[in-house]
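To keep things clear, I will list the structure first and then write my remarks on it.
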Protein chains: 2
Amino acid sequence: MSCGKRLAEQLHERGYRVTAQRTIILETIAHMENHISAQQVYEGARERLPGLNLATVYRTVESLKGAGMINMLSTGGEPMRFSLCDPEHPHSHLVCRECGSIFELEAEEIEAFARRVEETTSFRIDSVHLTLEGLCQICKQKPAAS
Amino acid sequence: MSCGKRLAEQLHERGYRVTAQRTIILETIAHMENHISAQQVYEGARERLPGLNLATVYRTVESLKGAGMINMLSTGGEPMRFSLCDPEHPHSHLVCRECGSIFELEAEEIEAFARRVEETTSFRIDSVHLTLEGLCQICKQKPAAS
DNA sequence: TTCGTAGTTGCAAAGATTTGCATAAACTTA
DNA sequence: TAAGTTTATGCAAATCTTTGCAACTACGAA
Ligand SMILES: [Mn+2]
Ligand SMILES: [Mn+2]
Ligand SMILES: [Zn+2]
Ligand SMILES: [Zn+2]
């Protein structure tokens with residue numbers, strides 16, 4: 001079965017209607033290597049669906065997030081970006097507040113933490129795709145700017 | 001020494017210029033019990049500084065964040081909100097994706113995690129004011145919506 | 001297959017946040 | 001205290017994101 005078809009099926013299984021917009025937006029995000037912005041999703045998807053509207057992209061990524069099929073990444077300042085949620089490679093991100101560089105953090109690093117939070121709070125944590133801010137190895141050696 | 005004066009002094013110590021806008025915006029945030037939006041900061045601060053511009057509020061909260069004097073809280077959908085960073089009460093937040101309710105998570109819960117991340121990555125994590133999404137105790141019992 | 005209904009979309013307008021630029025104010029130095 | 005230098009502010013415009021509403025479409029029931 002094709003990649004797009006399998007994704008559409010998952011969408012259906014989770015109770016979401018399968019529309020051309022959702023299918024194509026999902027495939028557009030899936031075929032990108034990195035996290036991409038709404039504008040980039042829009043440009044990519046519009047090639048296959050010319051009438052597509054940017055508002056639909058925003059509403060769709062919201063739905064896809066709800067379906068647990070994509071991750072969102074918001075790095076300070078820059079617009080929100082999206083990526084396919086790959087259960088094979090759960091991870092979070094470290095973003096350097098100085099130079100903007102991004103590092104991945106494997107899921108094991110945060111799993112124990114998430115489980116403990118669930119125990120002590122009876123809150124169910126979403127399969128976490130955290131973004132932690134801070135300073136990378138290089139930037140933390142320089143003096144602070146104002 | 002007055003609360004506002006002490007805050008202004010801190011700002012100066014950290015290498016930021018002390019302007020009327022920064023001082024009043026900082027006090028406005030400090031005097032609020034909860035996290036408030038840029039619009040609310042603007043309305044509050046403008047009472048004491050009528051010429052204040054909303055763009056200045058945005059630029060100022062960015063600076064105050066850089067100075068480590070305020071926290072930012074972004075709960076899915078709603079606009080960003082701000083609060084005074086109180087070293088006496090470090091915490092993070094759990095936001096329910098269904099009902100929007102917010103719970104606090106004491107700092108001890110995440111300290112060990114942050115330290116471990118710092119060790120394994122040589123990345124310096126900002127004094128963390130994390131926001132974790134998930135389902136609260138009540139909402140996690142109901143079936144999922146689409 | 002057809003129909004009815006609830007959920008989606010496009011469009012336009014509103015709301016939220018950022019940015020360029022000229023002016024004004026803060027801090028440094030003399 | 002009086003420049004001179006650097007940074008912050010106001011304003012307007014740009015960019016990013018959300019929303020109301022009427023038309024459209026997916027999909028379960030008949
Ligand atoms: Mn990611
Ligand atoms: Mn808080
Ligand atoms: Zn860096
Ligand atoms: Zn809830």
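In the structure tokens, chains take letters A, B, ... by order of appearance, with residues numbered from 1 within each chain and ligands from 1 in the order shown.
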
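Neighbours of ligand 3 at a cut-off of 9 Å, computed so that only C-alpha atoms (C1' of nucleotides) and all ligand atoms are counted, are the residues A:Val95, A:Cys96, A:Arg97, A:Glu98, A:Cys99, A:Gly100, A:Ser101, A:Ile102, A:Gly134, A:Leu135, A:Cys136, A:Gln137, A:Ile138, A:Cys139, A:Lys140, B:Phe123.
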
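In chain B, the set of residues within 10 Å of chain D (atoms considered: only C-alpha atoms (C1' of nucleotides)) is Tyr16, Arg17, Val18, Thr19, Gln21, Arg22, Gly51, Leu52, Asn53, Leu54, Ala55, Thr56, Arg59, Thr60, Gly77 and Glu78 of chain B.
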
Residue list for chain B near chain A as a PDB file with N, CA, C and O atoms, in the first residue's frame, 10 Å, only C-alpha atoms:
```pdb
ATOM      1  N   ARG B  14      21.748  43.454  34.885  1.00  0.00           N
ATOM      2  CA  ARG B  14      21.888  42.446  33.844  1.00  0.00           C
ATOM      3  C   ARG B  14      22.221  43.051  32.479  1.00  0.00           C
ATOM      4  O   ARG B  14      22.148  42.380  31.458  1.00  0.00           O
ATOM      5  N   GLY B  15      22.502  44.338  32.477  1.00  0.00           N
ATOM      6  CA  GLY B  15      22.975  44.969  31.251  1.00  0.00           C
ATOM      7  C   GLY B  15      21.891  45.524  30.334  1.00  0.00           C
ATOM      8  O   GLY B  15      22.155  45.823  29.174  1.00  0.00           O
ATOM      9  N   TYR B  16      20.677  45.693  30.872  1.00  0.00           N
ATOM     10  CA  TYR B  16      19.611  46.245  30.038  1.00  0.00           C
ATOM     11  C   TYR B  16      19.361  47.688  30.428  1.00  0.00           C
ATOM     12  O   TYR B  16      19.416  48.040  31.612  1.00  0.00           O
ATOM     13  N   ARG B  17      19.051  48.527  29.473  1.00  0.00           N
ATOM     14  CA  ARG B  17      18.733  49.919  29.802  1.00  0.00           C
ATOM     15  C   ARG B  17      17.414  49.986  30.542  1.00  0.00           C
ATOM     16  O   ARG B  17      16.471  49.262  30.221  1.00  0.00           O
ATOM     17  N   GLU B  62      10.149  40.435  25.220  1.00  0.00           N
ATOM     18  CA  GLU B  62      11.268  39.664  24.672  1.00  0.00           C
ATOM     19  C   GLU B  62      12.551  39.980  25.452  1.00  0.00           C
ATOM     20  O   GLU B  62      13.298  39.073  25.826  1.00  0.00           O
ATOM     21  N   SER B  63      12.767  41.263  25.716  1.00  0.00           N
ATOM     22  CA  SER B  63      13.946  41.657  26.487  1.00  0.00           C
ATOM     23  C   SER B  63      13.884  41.117  27.911  1.00  0.00           C
ATOM     24  O   SER B  63      14.878  40.603  28.434  1.00  0.00           O
ATOM     25  N   GLY B  66      14.770  37.678  28.016  1.00  0.00           N
ATOM     26  CA  GLY B  66      16.215  37.539  27.872  1.00  0.00           C
ATOM     27  C   GLY B  66      16.948  37.830  29.171  1.00  0.00           C
ATOM     28  O   GLY B  66      17.962  37.202  29.477  1.00  0.00           O
ATOM     29  N   ALA B  67      16.387  38.758  29.950  1.00  0.00           N
ATOM     30  CA  ALA B  67      16.999  39.108  31.227  1.00  0.00           C
ATOM     31  C   ALA B  67      16.634  38.100  32.306  1.00  0.00           C
ATOM     32  O   ALA B  67      17.064  38.215  33.450  1.00  0.00           O
ATOM     33  N   GLY B  76      -1.785  25.932  23.848  1.00  0.00           N
ATOM     34  CA  GLY B  76      -2.272  25.717  22.493  1.00  0.00           C
ATOM     35  C   GLY B  76      -3.430  26.623  22.077  1.00  0.00           C
ATOM     36  O   GLY B  76      -4.458  26.664  22.715  1.00  0.00           O
ATOM     37  N   GLY B  77      -3.235  27.327  20.978  1.00  0.00           N
ATOM     38  CA  GLY B  77      -4.297  28.189  20.486  1.00  0.00           C
ATOM     39  C   GLY B  77      -4.242  29.588  21.053  1.00  0.00           C
ATOM     40  O   GLY B  77      -4.049  30.536  20.309  1.00  0.00           O
ATOM     41  N   LEU B  94       1.082  22.086  33.350  1.00  0.00           N
ATOM     42  CA  LEU B  94       0.407  21.032  32.608  1.00  0.00           C
ATOM     43  C   LEU B  94      -0.871  21.638  32.068  1.00  0.00           C
ATOM     44  O   LEU B  94      -1.663  22.179  32.837  1.00  0.00           O
ATOM     45  N   VAL B  95      -1.062  21.587  30.764  1.00  0.00           N
ATOM     46  CA  VAL B  95      -2.264  22.163  30.160  1.00  0.00           C
ATOM     47  C   VAL B  95      -3.106  21.048  29.568  1.00  0.00           C
ATOM     48  O   VAL B  95      -2.606  20.248  28.773  1.00  0.00           O
ATOM     49  N   CYS B  96      -4.382  21.001  29.932  1.00  0.00           N
ATOM     50  CA  CYS B  96      -5.266  19.982  29.374  1.00  0.00           C
ATOM     51  C   CYS B  96      -5.713  20.416  27.983  1.00  0.00           C
ATOM     52  O   CYS B  96      -6.290  21.486  27.811  1.00  0.00           O
ATOM     53  N   ARG B  97      -5.424  19.566  27.024  1.00  0.00           N
ATOM     54  CA  ARG B  97      -5.744  19.867  25.626  1.00  0.00           C
ATOM     55  C   ARG B  97      -7.250  19.856  25.372  1.00  0.00           C
ATOM     56  O   ARG B  97      -7.723  20.458  24.406  1.00  0.00           O
ATOM     57  N   PHE B 103      -2.491  23.200  35.375  1.00  0.00           N
ATOM     58  CA  PHE B 103      -2.007  22.781  36.679  1.00  0.00           C
ATOM     59  C   PHE B 103      -0.532  23.133  36.786  1.00  0.00           C
ATOM     60  O   PHE B 103       0.185  23.115  35.799  1.00  0.00           O
ATOM     61  N   GLU B 104      -0.107  23.392  37.996  1.00  0.00           N
ATOM     62  CA  GLU B 104       1.317  23.669  38.192  1.00  0.00           C
ATOM     63  C   GLU B 104       2.053  22.399  38.559  1.00  0.00           C
ATOM     64  O   GLU B 104       1.497  21.496  39.185  1.00  0.00           O
ATOM     65  N   LEU B 105       3.297  22.396  38.150  1.00  0.00           N
ATOM     66  CA  LEU B 105       4.158  21.258  38.429  1.00  0.00           C
ATOM     67  C   LEU B 105       5.373  21.830  39.153  1.00  0.00           C
ATOM     68  O   LEU B 105       6.058  22.702  38.640  1.00  0.00           O
ATOM     69  N   GLU B 109      10.113  18.268  40.316  1.00  0.00           N
ATOM     70  CA  GLU B 109       9.687  17.237  39.368  1.00  0.00           C
ATOM     71  C   GLU B 109      10.539  17.222  38.097  1.00  0.00           C
ATOM     72  O   GLU B 109      10.684  16.192  37.459  1.00  0.00           O
ATOM     73  N   ILE B 110      11.027  18.384  37.739  1.00  0.00           N
ATOM     74  CA  ILE B 110      11.750  18.449  36.469  1.00  0.00           C
ATOM     75  C   ILE B 110      13.244  18.696  36.625  1.00  0.00           C
ATOM     76  O   ILE B 110      13.997  18.541  35.676  1.00  0.00           O
ATOM     77  N   GLU B 111      13.657  19.051  37.828  1.00  0.00           N
ATOM     78  CA  GLU B 111      15.062  19.389  38.027  1.00  0.00           C
ATOM     79  C   GLU B 111      16.006  18.259  37.619  1.00  0.00           C
ATOM     80  O   GLU B 111      16.972  18.471  36.890  1.00  0.00           O
ATOM     81  N   ALA B 112      15.709  17.078  38.106  1.00  0.00           N
ATOM     82  CA  ALA B 112      16.579  15.937  37.808  1.00  0.00           C
ATOM     83  C   ALA B 112      16.660  15.720  36.306  1.00  0.00           C
ATOM     84  O   ALA B 112      17.730  15.474  35.751  1.00  0.00           O
ATOM     85  N   PHE B 113      15.518  15.850  35.673  1.00  0.00           N
ATOM     86  CA  PHE B 113      15.456  15.694  34.220  1.00  0.00           C
ATOM     87  C   PHE B 113      16.339  16.731  33.530  1.00  0.00           C
ATOM     88  O   PHE B 113      17.180  16.401  32.689  1.00  0.00           O
ATOM     89  N   ALA B 114      16.179  17.994  33.920  1.00  0.00           N
ATOM     90  CA  ALA B 114      16.965  19.062  33.299  1.00  0.00           C
ATOM     91  C   ALA B 114      18.455  18.833  33.507  1.00  0.00           C
ATOM     92  O   ALA B 114      19.255  19.008  32.591  1.00  0.00           O
ATOM     93  N   ARG B 116      19.969  16.018  33.936  1.00  0.00           N
ATOM     94  CA  ARG B 116      20.451  14.893  33.137  1.00  0.00           C
ATOM     95  C   ARG B 116      20.618  15.304  31.684  1.00  0.00           C
ATOM     96  O   ARG B 116      21.585  14.928  31.026  1.00  0.00           O
ATOM     97  N   VAL B 117      19.692  16.096  31.199  1.00  0.00           N
ATOM     98  CA  VAL B 117      19.818  16.580  29.820  1.00  0.00           C
ATOM     99  C   VAL B 117      21.090  17.395  29.675  1.00  0.00           C
ATOM    100  O   VAL B 117      21.833  17.249  28.708  1.00  0.00           O
ATOM    101  N   GLU B 118      21.372  18.221  30.654  1.00  0.00           N
ATOM    102  CA  GLU B 118      22.586  19.035  30.586  1.00  0.00           C
ATOM    103  C   GLU B 118      23.832  18.168  30.555  1.00  0.00           C
ATOM    104  O   GLU B 118      24.776  18.449  29.823  1.00  0.00           O
ATOM    105  N   THR B 120      24.091  14.940  29.528  1.00  0.00           N
ATOM    106  CA  THR B 120      24.241  14.118  28.321  1.00  0.00           C
ATOM    107  C   THR B 120      24.397  14.933  27.053  1.00  0.00           C
ATOM    108  O   THR B 120      24.824  14.408  26.037  1.00  0.00           O
ATOM    109  N   THR B 121      24.058  16.215  27.091  1.00  0.00           N
ATOM    110  CA  THR B 121      24.108  16.977  25.844  1.00  0.00           C
ATOM    111  C   THR B 121      25.063  18.162  25.871  1.00  0.00           C
ATOM    112  O   THR B 121      25.307  18.763  24.833  1.00  0.00           O
ATOM    113  N   SER B 122      25.546  18.541  27.011  1.00  0.00           N
ATOM    114  CA  SER B 122      26.388  19.727  27.162  1.00  0.00           C
ATOM    115  C   SER B 122      25.677  20.980  26.660  1.00  0.00           C
ATOM    116  O   SER B 122      26.279  21.937  26.202  1.00  0.00           O
ATOM    117  N   PHE B 123      24.372  20.932  26.737  1.00  0.00           N
ATOM    118  CA  PHE B 123      23.522  22.058  26.384  1.00  0.00           C
ATOM    119  C   PHE B 123      23.085  22.660  27.716  1.00  0.00           C
ATOM    120  O   PHE B 123      22.767  21.922  28.650  1.00  0.00           O
ATOM    121  N   ARG B 124      23.097  23.972  27.869  1.00  0.00           N
ATOM    122  CA  ARG B 124      22.607  24.541  29.117  1.00  0.00           C
ATOM    123  C   ARG B 124      21.129  24.877  29.002  1.00  0.00           C
ATOM    124  O   ARG B 124      20.733  25.754  28.226  1.00  0.00           O
ATOM    125  N   ILE B 125      20.307  24.173  29.765  1.00  0.00           N
ATOM    126  CA  ILE B 125      18.862  24.384  29.729  1.00  0.00           C
ATOM    127  C   ILE B 125      18.513  25.666  30.479  1.00  0.00           C
ATOM    128  O   ILE B 125      19.005  25.898  31.562  1.00  0.00           O
ATOM    129  N   ASP B 126      17.661  26.495  29.882  1.00  0.00           N
ATOM    130  CA  ASP B 126      17.188  27.686  30.584  1.00  0.00           C
ATOM    131  C   ASP B 126      16.421  27.270  31.830  1.00  0.00           C
ATOM    132  O   ASP B 126      15.768  26.244  31.842  1.00  0.00           O
ATOM    133  N   SER B 127      16.494  28.108  32.842  1.00  0.00           N
ATOM    134  CA  SER B 127      15.725  27.822  34.055  1.00  0.00           C
ATOM    135  C   SER B 127      14.314  27.532  33.560  1.00  0.00           C
ATOM    136  O   SER B 127      13.637  28.386  33.053  1.00  0.00           O
ATOM    137  N   VAL B 128      13.922  26.304  33.704  1.00  0.00           N
ATOM    138  CA  VAL B 128      12.813  25.790  32.919  1.00  0.00           C
ATOM    139  C   VAL B 128      11.433  26.226  33.417  1.00  0.00           C
ATOM    140  O   VAL B 128      11.154  26.199  34.599  1.00  0.00           O
ATOM    141  N   HIS B 129      10.604  26.662  32.529  1.00  0.00           N
ATOM    142  CA  HIS B 129       9.195  26.970  32.802  1.00  0.00           C
ATOM    143  C   HIS B 129       8.442  26.278  31.680  1.00  0.00           C
ATOM    144  O   HIS B 129       7.832  26.881  30.813  1.00  0.00           O
ATOM    145  N   LEU B 130       8.566  24.943  31.707  1.00  0.00           N
ATOM    146  CA  LEU B 130       8.000  24.091  30.664  1.00  0.00           C
ATOM    147  C   LEU B 130       6.489  24.143  30.614  1.00  0.00           C
ATOM    148  O   LEU B 130       5.847  24.421  31.613  1.00  0.00           O
ATOM    149  N   THR B 131       5.943  23.833  29.458  1.00  0.00           N
ATOM    150  CA  THR B 131       4.506  23.608  29.351  1.00  0.00           C
ATOM    151  C   THR B 131       4.314  22.241  28.710  1.00  0.00           C
ATOM    152  O   THR B 131       4.777  22.006  27.594  1.00  0.00           O
ATOM    153  N   LEU B 132       3.673  21.360  29.438  1.00  0.00           N
ATOM    154  CA  LEU B 132       3.396  20.024  28.917  1.00  0.00           C
ATOM    155  C   LEU B 132       1.925  19.922  28.585  1.00  0.00           C
ATOM    156  O   LEU B 132       1.078  20.341  29.379  1.00  0.00           O
ATOM    157  N   GLU B 133       1.637  19.385  27.418  1.00  0.00           N
ATOM    158  CA  GLU B 133       0.236  19.195  27.052  1.00  0.00           C
ATOM    159  C   GLU B 133      -0.209  17.780  27.337  1.00  0.00           C
ATOM    160  O   GLU B 133       0.605  16.864  27.365  1.00  0.00           O
ATOM    161  N   GLY B 134      -1.494  17.621  27.527  1.00  0.00           N
ATOM    162  CA  GLY B 134      -2.017  16.287  27.761  1.00  0.00           C
ATOM    163  C   GLY B 134      -3.476  16.354  28.146  1.00  0.00           C
ATOM    164  O   GLY B 134      -4.179  17.279  27.762  1.00  0.00           O
ATOM    165  N   LEU B 135      -3.922  15.349  28.893  1.00  0.00           N
ATOM    166  CA  LEU B 135      -5.311  15.302  29.315  1.00  0.00           C
ATOM    167  C   LEU B 135      -5.364  15.280  30.828  1.00  0.00           C
ATOM    168  O   LEU B 135      -4.649  14.512  31.472  1.00  0.00           O
ATOM    169  N   CYS B 136      -6.238  16.104  31.388  1.00  0.00           N
ATOM    170  CA  CYS B 136      -6.380  16.136  32.828  1.00  0.00           C
ATOM    171  C   CYS B 136      -7.125  14.883  33.292  1.00  0.00           C
ATOM    172  O   CYS B 136      -7.667  14.125  32.490  1.00  0.00           O
ATOM    173  N   GLN B 137      -7.171  14.701  34.585  1.00  0.00           N
ATOM    174  CA  GLN B 137      -7.772  13.506  35.166  1.00  0.00           C
ATOM    175  C   GLN B 137      -9.214  13.283  34.686  1.00  0.00           C
ATOM    176  O   GLN B 137      -9.608  12.158  34.401  1.00  0.00           O
ATOM    177  N   ILE B 138      -9.958  14.366  34.570  1.00  0.00           N
ATOM    178  CA  ILE B 138     -11.357  14.253  34.142  1.00  0.00           C
ATOM    179  C   ILE B 138     -11.462  13.934  32.656  1.00  0.00           C
ATOM    180  O   ILE B 138     -12.118  12.985  32.252  1.00  0.00           O
ATOM    181  N   CYS B 139     -10.763  14.727  31.840  1.00  0.00           N
ATOM    182  CA  CYS B 139     -10.890  14.573  30.384  1.00  0.00           C
ATOM    183  C   CYS B 139     -10.324  13.258  29.866  1.00  0.00           C
ATOM    184  O   CYS B 139     -10.747  12.768  28.821  1.00  0.00           O
ATOM    185  N   LYS B 140      -9.370  12.680  30.557  1.00  0.00           N
ATOM    186  CA  LYS B 140      -8.789  11.448  30.029  1.00  0.00           C
ATOM    187  C   LYS B 140      -9.741  10.274  30.173  1.00  0.00           C
ATOM    188  O   LYS B 140      -9.506   9.219  29.587  1.00  0.00           O
ATOM    189  N   ALA B 144     -12.347  10.056  22.913  1.00  0.00           N
ATOM    190  CA  ALA B 144     -11.742  11.113  22.099  1.00  0.00           C
ATOM    191  C   ALA B 144     -12.755  11.750  21.159  1.00  0.00           C
ATOM    192  O   ALA B 144     -13.690  11.101  20.696  1.00  0.00           O
ATOM    193  N   ALA B 145     -12.575  13.025  20.872  1.00  0.00           N
ATOM    194  CA  ALA B 145     -13.434  13.727  19.903  1.00  0.00           C
ATOM    195  C   ALA B 145     -12.669  13.868  18.598  1.00  0.00           C
ATOM    196  O   ALA B 145     -11.489  13.570  18.528  1.00  0.00           O
ATOM    197  N   SER B 146     -13.323  14.303  17.538  1.00  0.00           N
ATOM    198  CA  SER B 146     -12.621  14.538  16.268  1.00  0.00           C
ATOM    199  C   SER B 146     -12.672  16.024  15.956  1.00  0.00           C
ATOM    200  O   SER B 146     -12.317  16.429  14.886  1.00  0.00           O
TER     201      SER B 146
END
```

At a cut-off of 7 Å and counting only C-alpha atoms (C1' of nucleotides) and all ligand atoms, what residues surround ligand 2? Please answer as a PyMOL selection string. chain B and resi 35+71+73+83+91-93+129

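Secondary structure of region 17-111 of chain A, strand (DSSP E or B) only (DSSP, backbone atoms): Ile36, Ser37, Ile70, Asn71, Met72, Leu73, Arg81, Phe82, Ser83, Leu84, His91, Ser92, His93, Leu94, Val95, Cys96, Ile102, Phe103, Glu104, Leu105 and Glu106 of chain A.
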
Writing out the chosen residues with N, CA, C and O atoms as a short mmCIF file (atom, residue, chain, number, x, y, z; two decimals), in the first residue's frame:
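To be explicit, this is the file written out as out-v3.cif:
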```cif
data_model
loop_
_atom_site.label_atom_id
_atom_site.label_comp_id
_atom_site.auth_asym_id
_atom_site.auth_seq_id
_atom_site.Cartn_x
_atom_site.Cartn_y
_atom_site.Cartn_z
N ILE A 36 8.58 21.74 8.60
CA ILE A 36 8.34 22.83 7.67
C ILE A 36 7.21 23.73 8.14
O ILE A 36 6.32 23.31 8.88
N SER A 37 7.26 24.97 7.68
CA SER A 37 6.30 25.99 8.10
C SER A 37 4.98 25.85 7.36
O SER A 37 4.89 25.18 6.32
N ILE A 70 1.00 14.38 13.40
CA ILE A 70 2.15 15.28 13.19
C ILE A 70 2.60 15.90 14.50
O ILE A 70 1.86 15.91 15.48
N ASN A 71 3.82 16.40 14.48
CA ASN A 71 4.40 17.11 15.61
C ASN A 71 4.49 18.57 15.25
O ASN A 71 4.67 18.91 14.09
N MET A 72 4.45 19.42 16.27
CA MET A 72 4.65 20.84 16.03
C MET A 72 5.91 21.26 16.75
O MET A 72 6.22 20.76 17.82
N LEU A 73 6.61 22.19 16.13
CA LEU A 73 7.85 22.67 16.71
C LEU A 73 7.84 24.19 16.67
O LEU A 73 7.78 24.79 15.60
N ARG A 81 6.43 25.17 13.04
CA ARG A 81 6.75 24.23 11.96
C ARG A 81 6.25 22.84 12.29
O ARG A 81 6.04 22.51 13.46
N PHE A 82 6.08 22.04 11.25
CA PHE A 82 5.42 20.74 11.40
C PHE A 82 6.23 19.60 10.81
O PHE A 82 6.97 19.78 9.84
N SER A 83 6.05 18.42 11.39
CA SER A 83 6.74 17.24 10.86
C SER A 83 5.86 16.02 11.10
O SER A 83 5.02 16.01 11.99
N LEU A 84 6.06 15.00 10.27
CA LEU A 84 5.31 13.76 10.46
C LEU A 84 5.71 13.14 11.78
O LEU A 84 6.88 13.09 12.12
N HIS A 91 11.17 11.84 19.67
CA HIS A 91 12.27 12.70 20.09
C HIS A 91 11.73 14.06 20.51
O HIS A 91 10.58 14.41 20.25
N SER A 92 12.61 14.83 21.15
CA SER A 92 12.31 16.22 21.48
C SER A 92 13.44 17.08 20.92
O SER A 92 14.35 16.56 20.29
N HIS A 93 13.34 18.38 21.16
CA HIS A 93 14.36 19.26 20.60
C HIS A 93 14.94 20.22 21.62
O HIS A 93 14.24 20.68 22.52
N LEU A 94 16.22 20.50 21.44
CA LEU A 94 16.91 21.53 22.20
C LEU A 94 17.20 22.66 21.23
O LEU A 94 17.82 22.43 20.19
N VAL A 95 16.73 23.85 21.54
CA VAL A 95 16.95 24.99 20.66
C VAL A 95 17.85 26.00 21.34
O VAL A 95 17.57 26.43 22.46
N CYS A 96 18.93 26.39 20.67
CA CYS A 96 19.83 27.39 21.25
C CYS A 96 19.23 28.78 21.05
O CYS A 96 18.96 29.19 19.92
N ILE A 102 19.47 23.65 16.38
CA ILE A 102 18.54 22.70 16.97
C ILE A 102 19.19 21.33 17.09
O ILE A 102 19.81 20.85 16.14
N PHE A 103 19.03 20.71 18.26
CA PHE A 103 19.55 19.36 18.49
C PHE A 103 18.40 18.46 18.88
O PHE A 103 17.44 18.89 19.49
N GLU A 104 18.53 17.19 18.52
CA GLU A 104 17.49 16.24 18.92
C GLU A 104 17.86 15.58 20.23
O GLU A 104 19.04 15.39 20.54
N LEU A 105 16.81 15.24 20.95
CA LEU A 105 16.97 14.58 22.24
C LEU A 105 16.16 13.29 22.14
O LEU A 105 14.97 13.32 21.88
N GLU A 106 16.82 12.17 22.32
CA GLU A 106 16.11 10.90 22.18
C GLU A 106 15.02 10.75 23.24
O GLU A 106 15.10 11.33 24.32
#
```

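Near chain A, within 10 Å and using only C-alpha atoms (C1' of nucleotides), the residues of chain C are C:DG7, C:DT8, C:DT9, C:DG10, C:DC11, C:DT17, C:DT18.
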
Just the alpha helix (DSSP H) stuff from region 10-101 of chain A, please, per backbone DSSP, written as a VMD selection string. chain A and resid 10 to 13 20 to 30 38 to 46 54 to 66

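If you count only C-alpha atoms (C1' of nucleotides) and ignore residues fewer than 2 places along the chain from Ala38 (chain A), what sits within 7 Å of it is Ile36, Gln40, Val41, Tyr42, Val57, Tyr58 and Arg81 of chain A.
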
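Here the question is which of B:Ile25, B:Cys85, B:Met32, B:Leu11 gets nearest to Leu49 (chain B) using only C-alpha atoms, and that residue is B:Ile25.
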
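The spacing separating CA of Pro90 (chain B) from CA of Arg115 (chain B) amounts to 15.0 Å.
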
So how far away is CA of Ala20 (chain A) from C1' of DC3 (chain C), in Å? 22.5 Å
